[in-house]
>>> print(open('coords17.pdb').read())   # PDB, C-alpha atoms
ATOM      1  CA  MET G   1     -97.395  21.846  25.639  1.00  0.00           C
ATOM      2  CA  SER G   2     -95.361  23.994  27.954  1.00  0.00           C
ATOM      3  CA  ASP G   3     -95.034  27.753  27.608  1.00  0.00           C
ATOM      4  CA  LEU G   4     -91.512  27.643  29.046  1.00  0.00           C
ATOM      5  CA  VAL G   5     -88.825  28.944  26.741  1.00  0.00           C
ATOM      6  CA  PRO G   6     -85.260  27.731  27.289  1.00  0.00           C
ATOM      7  CA  ARG G   7     -82.597  30.361  27.827  1.00  0.00           C
ATOM      8  CA  PRO G   8     -79.799  30.590  25.300  1.00  0.00           C
ATOM      9  CA  VAL G   9     -76.745  28.540  26.222  1.00  0.00           C
ATOM     10  CA  GLY G  10     -74.420  30.533  28.462  1.00  0.00           C
ATOM     11  CA  ALA G  11     -77.012  33.204  29.240  1.00  0.00           C
ATOM     12  CA  ALA G  12     -76.462  34.380  32.785  1.00  0.00           C
ATOM     13  CA  PRO G  13     -78.506  37.036  34.579  1.00  0.00           C
ATOM     14  CA  ALA G  14     -75.287  38.890  35.446  1.00  0.00           C
ATOM     15  CA  PRO G  15     -71.703  38.322  34.330  1.00  0.00           C
ATOM     16  CA  ALA G  16     -69.417  36.659  36.835  1.00  0.00           C
ATOM     17  CA  ASP G  17     -66.513  38.977  36.221  1.00  0.00           C
ATOM     18  CA  GLY G  18     -63.983  40.543  38.564  1.00  0.00           C
ATOM     19  CA  ASP G  19     -65.795  43.877  38.812  1.00  0.00           C
ATOM     20  CA  ASN G  20     -66.320  44.219  42.557  1.00  0.00           C
ATOM     21  CA  ARG G  21     -67.130  47.901  42.730  1.00  0.00           C
ATOM     22  CA  TYR G  22     -70.090  48.718  44.950  1.00  0.00           C
ATOM     23  CA  LYS G  23     -72.534  49.654  42.183  1.00  0.00           C
ATOM     24  CA  ALA G  24     -71.493  46.672  40.050  1.00  0.00           C
ATOM     25  CA  VAL G  25     -72.084  44.253  42.924  1.00  0.00           C
ATOM     26  CA  GLN G  26     -75.448  45.868  43.687  1.00  0.00           C
ATOM     27  CA  ASN G  27     -76.420  45.555  40.017  1.00  0.00           C
ATOM     28  CA  LYS G  28     -75.371  41.893  39.871  1.00  0.00           C
ATOM     29  CA  LEU G  29     -77.290  41.059  43.036  1.00  0.00           C
ATOM     30  CA  ASP G  30     -80.346  42.887  41.702  1.00  0.00           C
ATOM     31  CA  LYS G  31     -80.232  40.971  38.403  1.00  0.00           C
ATOM     32  CA  LEU G  32     -79.697  37.649  40.169  1.00  0.00           C
ATOM     33  CA  GLY G  33     -82.597  38.307  42.542  1.00  0.00           C
ATOM     34  CA  ALA G  34     -84.895  39.229  39.650  1.00  0.00           C
ATOM     35  CA  ALA G  35     -83.846  36.121  37.686  1.00  0.00           C
ATOM     36  CA  MET G  36     -84.503  33.907  40.710  1.00  0.00           C
ATOM     37  CA  ASP G  37     -87.902  35.543  41.248  1.00  0.00           C
ATOM     38  CA  ASP G  38     -88.745  34.830  37.602  1.00  0.00           C
ATOM     39  CA  ALA G  39     -87.528  31.251  37.975  1.00  0.00           C
ATOM     40  CA  THR G  40     -89.801  30.654  40.961  1.00  0.00           C
ATOM     41  CA  LEU G  41     -92.804  31.812  38.941  1.00  0.00           C
ATOM     42  CA  GLU G  42     -91.861  29.610  35.991  1.00  0.00           C
ATOM     43  CA  LEU G  43     -91.257  26.604  38.238  1.00  0.00           C
ATOM     44  CA  GLU G  44     -94.616  27.045  39.947  1.00  0.00           C
ATOM     45  CA  GLY G  45     -96.309  27.113  36.541  1.00  0.00           C
ATOM     46  CA  LEU G  46     -94.424  23.988  35.518  1.00  0.00           C
ATOM     47  CA  ARG G  47     -95.408  22.209  38.747  1.00  0.00           C
ATOM     48  CA  ARG G  48     -99.080  23.038  38.266  1.00  0.00           C
ATOM     49  CA  SER G  49     -98.964  21.870  34.664  1.00  0.00           C
ATOM     50  CA  MET G  50     -97.283  18.592  35.635  1.00  0.00           C
ATOM     51  CA  GLN G  51     -99.772  17.991  38.429  1.00  0.00           C
ATOM     52  CA  ALA G  52    -102.704  18.694  36.110  1.00  0.00           C
ATOM     53  CA  ASN G  53    -101.266  16.305  33.516  1.00  0.00           C
ATOM     54  CA  ALA G  54    -100.765  13.645  36.197  1.00  0.00           C
ATOM     55  CA  THR G  55    -104.413  13.982  37.228  1.00  0.00           C
ATOM     56  CA  ARG G  56    -105.504  13.905  33.596  1.00  0.00           C
ATOM     57  CA  ALA G  57    -103.461  10.735  32.954  1.00  0.00           C
ATOM     58  CA  GLU G  58    -105.002   9.118  36.022  1.00  0.00           C
ATOM     59  CA  ASN G  59    -108.488   9.935  34.706  1.00  0.00           C
ATOM     60  CA  VAL G  60    -107.581   8.549  31.267  1.00  0.00           C
ATOM     61  CA  ALA G  61    -106.388   5.340  32.895  1.00  0.00           C
ATOM     62  CA  GLY G  62    -109.790   5.020  34.556  1.00  0.00           C
ATOM     63  CA  ASP G  63    -111.519   5.681  31.251  1.00  0.00           C
ATOM     64  CA  ILE G  64    -109.373   3.027  29.547  1.00  0.00           C
ATOM     65  CA  GLU G  65    -110.232   0.544  32.267  1.00  0.00           C
ATOM     66  CA  ASN G  66    -113.949   1.355  32.051  1.00  0.00           C
ATOM     67  CA  ALA G  67    -113.799   0.901  28.267  1.00  0.00           C
ATOM     68  CA  GLY G  68    -112.572  -2.647  28.800  1.00  0.00           C
ATOM     69  CA  LEU G  69    -109.306  -2.234  26.916  1.00  0.00           C
ATOM     70  CA  ASP G  70    -106.194  -4.283  27.565  1.00  0.00           C
ATOM     71  CA  GLY G  71    -105.010  -3.965  31.167  1.00  0.00           C
ATOM     72  CA  ARG G  72    -101.449  -3.105  30.156  1.00  0.00           C
ATOM     73  CA  PHE G  73    -102.680   0.220  28.737  1.00  0.00           C
ATOM     74  CA  VAL G  74    -104.233   1.012  32.090  1.00  0.00           C
ATOM     75  CA  GLU G  75    -100.982   0.081  33.826  1.00  0.00           C
ATOM     76  CA  VAL G  76     -98.822   2.150  31.469  1.00  0.00           C
ATOM     77  CA  THR G  77    -101.113   5.171  31.776  1.00  0.00           C
ATOM     78  CA  ASN G  78    -101.082   4.878  35.570  1.00  0.00           C
ATOM     79  CA  LEU G  79     -97.266   4.728  35.469  1.00  0.00           C
ATOM     80  CA  VAL G  80     -97.238   7.956  33.461  1.00  0.00           C
ATOM     81  CA  SER G  81     -99.517   9.531  36.049  1.00  0.00           C
ATOM     82  CA  VAL G  82     -97.266   8.437  38.916  1.00  0.00           C
ATOM     83  CA  ALA G  83     -94.135   9.646  37.092  1.00  0.00           C
ATOM     84  CA  LEU G  84     -95.667  13.065  36.427  1.00  0.00           C
ATOM     85  CA  GLY G  85     -96.810  13.329  40.036  1.00  0.00           C
ATOM     86  CA  GLY G  86     -93.311  12.462  41.259  1.00  0.00           C
ATOM     87  CA  ALA G  87     -91.758  14.973  38.872  1.00  0.00           C
ATOM     88  CA  ALA G  88     -94.174  17.635  40.135  1.00  0.00           C
ATOM     89  CA  ILE G  89     -92.986  16.974  43.695  1.00  0.00           C
ATOM     90  CA  GLU G  90     -89.347  17.390  42.631  1.00  0.00           C
ATOM     91  CA  VAL G  91     -90.176  20.594  40.743  1.00  0.00           C
ATOM     92  CA  ARG G  92     -91.804  21.861  43.949  1.00  0.00           C
ATOM     93  CA  ARG G  93     -88.548  21.186  45.818  1.00  0.00           C
ATOM     94  CA  LEU G  94     -86.609  23.019  43.128  1.00  0.00           C
ATOM     95  CA  HIS G  95     -89.115  25.889  43.351  1.00  0.00           C
ATOM     96  CA  ASP G  96     -88.602  26.098  47.112  1.00  0.00           C
ATOM     97  CA  THR G  97     -84.821  26.180  46.653  1.00  0.00           C
ATOM     98  CA  ALA G  98     -85.077  28.900  43.986  1.00  0.00           C
ATOM     99  CA  GLN G  99     -87.380  30.922  46.231  1.00  0.00           C
ATOM    100  CA  GLU G 100     -84.988  30.601  49.177  1.00  0.00           C
ATOM    101  CA  THR G 101     -82.091  31.644  46.945  1.00  0.00           C
ATOM    102  CA  ALA G 102     -84.052  34.675  45.735  1.00  0.00           C
ATOM    103  CA  GLU G 103     -84.840  35.721  49.305  1.00  0.00           C
ATOM    104  CA  LEU G 104     -81.195  35.297  50.364  1.00  0.00           C
ATOM    105  CA  THR G 105     -80.058  37.304  47.349  1.00  0.00           C
ATOM    106  CA  HIS G 106     -82.380  40.171  48.281  1.00  0.00           C
ATOM    107  CA  GLU G 107     -81.141  40.016  51.886  1.00  0.00           C
ATOM    108  CA  THR G 108     -77.523  39.991  50.704  1.00  0.00           C
ATOM    109  CA  ARG G 109     -78.131  43.033  48.511  1.00  0.00           C
ATOM    110  CA  ALA G 110     -79.679  44.909  51.438  1.00  0.00           C
ATOM    111  CA  THR G 111     -76.823  43.930  53.770  1.00  0.00           C
ATOM    112  CA  HIS G 112     -74.219  44.913  51.189  1.00  0.00           C
ATOM    113  CA  SER G 113     -75.960  48.264  50.782  1.00  0.00           C
ATOM    114  CA  ARG G 114     -76.088  48.800  54.538  1.00  0.00           C
ATOM    115  CA  LEU G 115     -72.414  47.940  55.007  1.00  0.00           C
ATOM    116  CA  TYR G 116     -70.870  49.634  51.992  1.00  0.00           C
ATOM    117  CA  GLY G 117     -73.400  52.161  50.674  1.00  0.00           C
ATOM    118  CA  ALA G 118     -72.196  55.065  52.801  1.00  0.00           C
ATOM    119  CA  LEU G 119     -68.572  54.346  51.936  1.00  0.00           C
ATOM    120  CA  ASP G 120     -69.451  54.356  48.245  1.00  0.00           C
ATOM    121  CA  ASP G 121     -71.267  57.676  48.643  1.00  0.00           C
ATOM    122  CA  ILE G 122     -68.166  59.184  50.245  1.00  0.00           C
ATOM    123  CA  ARG G 123     -65.780  57.761  47.639  1.00  0.00           C
ATOM    124  CA  SER G 124     -68.050  58.710  44.742  1.00  0.00           C
ATOM    125  CA  GLY G 125     -68.437  62.274  45.997  1.00  0.00           C
ATOM    126  CA  ARG G 126     -64.711  63.059  46.074  1.00  0.00           C
ATOM    127  CA  ARG G 127     -62.847  64.655  43.234  1.00  0.00           C
ATOM    128  CA  GLU G 128     -59.595  63.113  44.405  1.00  0.00           C
ATOM    129  CA  LYS G 129     -58.919  59.454  43.743  1.00  0.00           C
ATOM    130  CA  THR G 130     -58.957  57.262  46.822  1.00  0.00           C
ATOM    131  CA  PRO G 131     -57.010  54.043  47.257  1.00  0.00           C
ATOM    132  CA  ARG G 132     -58.759  50.812  46.507  1.00  0.00           C
ATOM    133  CA  PRO G 133     -59.783  48.575  49.404  1.00  0.00           C
ATOM    134  CA  GLY G 134     -56.787  46.620  50.666  1.00  0.00           C
ATOM    135  CA  PHE G 135     -54.249  49.184  49.478  1.00  0.00           C
ATOM    136  CA  PHE G 136     -52.942  49.824  52.996  1.00  0.00           C
ATOM    137  CA  ASN G 137     -52.661  46.100  53.771  1.00  0.00           C
ATOM    138  CA  ARG G 138     -49.700  45.591  51.427  1.00  0.00           C
TER     139      ARG G 138
END
>>> encode(input="coords17.pdb", output="structure tokens")
Amino acid sequence: MSDLVPRPVGAAPAPADGDNRYKAVQNKLDKLGAAMDDATLELEGLRRSMQANATRAENVAGDIENAGLDGRFVEVTNLVSVALGGAAIEVRRLHDTAQETAELTHETRATHSRLYGALDDIRSGRREKTPRPGFFNR
């Protein structure tokens, strides 16, 4: 049995709304990065479990063969082993993609902070309201 728990339908790490203020974007990137980090850990656990089950199925197929049972049971058990091994390879690819996405999210957050952090500090420190970005482009 797997220890993975499915997320509720529609559960997103951060809402995809139109709030593009600096702190909101930083918060969304932080939540997305954390969710992707968690996903990589869960996917690695799933891959290991699938690989272990594939090995176990292969051993069972050998035991069935050594017990002299019908050859189709050996064949079916070997097919299960191969299918689990193939699924483990695909989960590894998904893990690698999730890990790359997590790394890019962390890099994006750092770049966003570097580019817009000082501007946000200036705007946040003023008592007077300042125009929104793009105001002067109208």
>>> atom_distance(input="coords17.pdb", atom1="atom CA of Gln26 of chain G", atom2="atom CA of Leu115 of chain G")
11.9 Å
>>> resolve_selection(input="coords17.pdb", expression="the PyMOL selection byres ((chain G and resi 31) around 12)", output="list in words")
Ala12, Pro13, Ala14, Pro15, Ala16, Ala24, Val25, Gln26, Asn27, Lys28, Leu29, Asp30, Leu32, Gly33, Ala34, Ala35, Met36, Asp37, Asp38, Ala102, Thr105, His106 and Arg109 of chain G
>>> closest_residue(input="coords17.pdb", among="G:Arg126, G:Arg132, G:His95, G:His112", to="Tyr22 of chain G", atoms="all atoms listed in the file")
G:His112
>>> resolve_selection(input="coords17.pdb", expression="the PyMOL selection byres ((chain G and resi 54) around 8)", output="list in words")
Met50, Gln51, Ala52, Asn53, Thr55, Arg56, Ala57, Glu58, Val80, Ser81, Val82, Ala83, Leu84 and Gly85 of chain G
>>> write_last_selection(input="coords17.pdb", atoms="C-alpha atoms", output="PDB file, in the frame of the given file")
ATOM      1  CA  MET G  50     -97.283  18.592  35.635  1.00  0.00           C
ATOM      2  CA  GLN G  51     -99.772  17.991  38.429  1.00  0.00           C
ATOM      3  CA  ALA G  52    -102.704  18.694  36.110  1.00  0.00           C
ATOM      4  CA  ASN G  53    -101.266  16.305  33.516  1.00  0.00           C
ATOM      5  CA  THR G  55    -104.413  13.982  37.228  1.00  0.00           C
ATOM      6  CA  ARG G  56    -105.504  13.905  33.596  1.00  0.00           C
ATOM      7  CA  ALA G  57    -103.461  10.735  32.954  1.00  0.00           C
ATOM      8  CA  GLU G  58    -105.002   9.118  36.022  1.00  0.00           C
ATOM      9  CA  VAL G  80     -97.238   7.956  33.461  1.00  0.00           C
ATOM     10  CA  SER G  81     -99.517   9.531  36.049  1.00  0.00           C
ATOM     11  CA  VAL G  82     -97.266   8.437  38.916  1.00  0.00           C
ATOM     12  CA  ALA G  83     -94.135   9.646  37.092  1.00  0.00           C
ATOM     13  CA  LEU G  84     -95.667  13.065  36.427  1.00  0.00           C
ATOM     14  CA  GLY G  85     -96.810  13.329  40.036  1.00  0.00           C
TER      15      GLY G  85
END
>>> resolve_selection(input="coords17.pdb", expression="the PyMOL selection byres ((chain G and resi 91) around 10)", output="ChimeraX atom specification")
/G:43-48,50,85-90,92-97
>>> axis_aligned_box(input="coords17.pdb", around="segment 33-46 of chain G", padding_each_side="6 Å", output="AutoDock Vina command-line options")
--center_x -89.5 --center_y 31.6 --center_z 39.0 --size_x 25.7 --size_y 27.2 --size_z 19.0
>>> atom_distance(input="coords17.pdb", atom1="atom CA of Glu107 of chain G", atom2="atom CA of Glu42 of chain G")
21.8 Å
>>> atom_distance(input="coords17.pdb", atom1="atom CA of Gly62 of chain G", atom2="atom CA of Thr77 of chain G")
9.1 Å
>>> residues_around(input="coords17.pdb", residues="Arg123 of chain G", least_positions_apart="5", cutoff="12 Å", atoms="all atoms listed in the file", output="number ranges by chain")
G: 21-23, 116-118, 128-133
>>> closest_residue(input="coords17.pdb", among="G:Arg127, G:Asn78, G:Thr108, G:Gln99", to="Asp63 of chain G", atoms="only C-alpha atoms")
G:Asn78
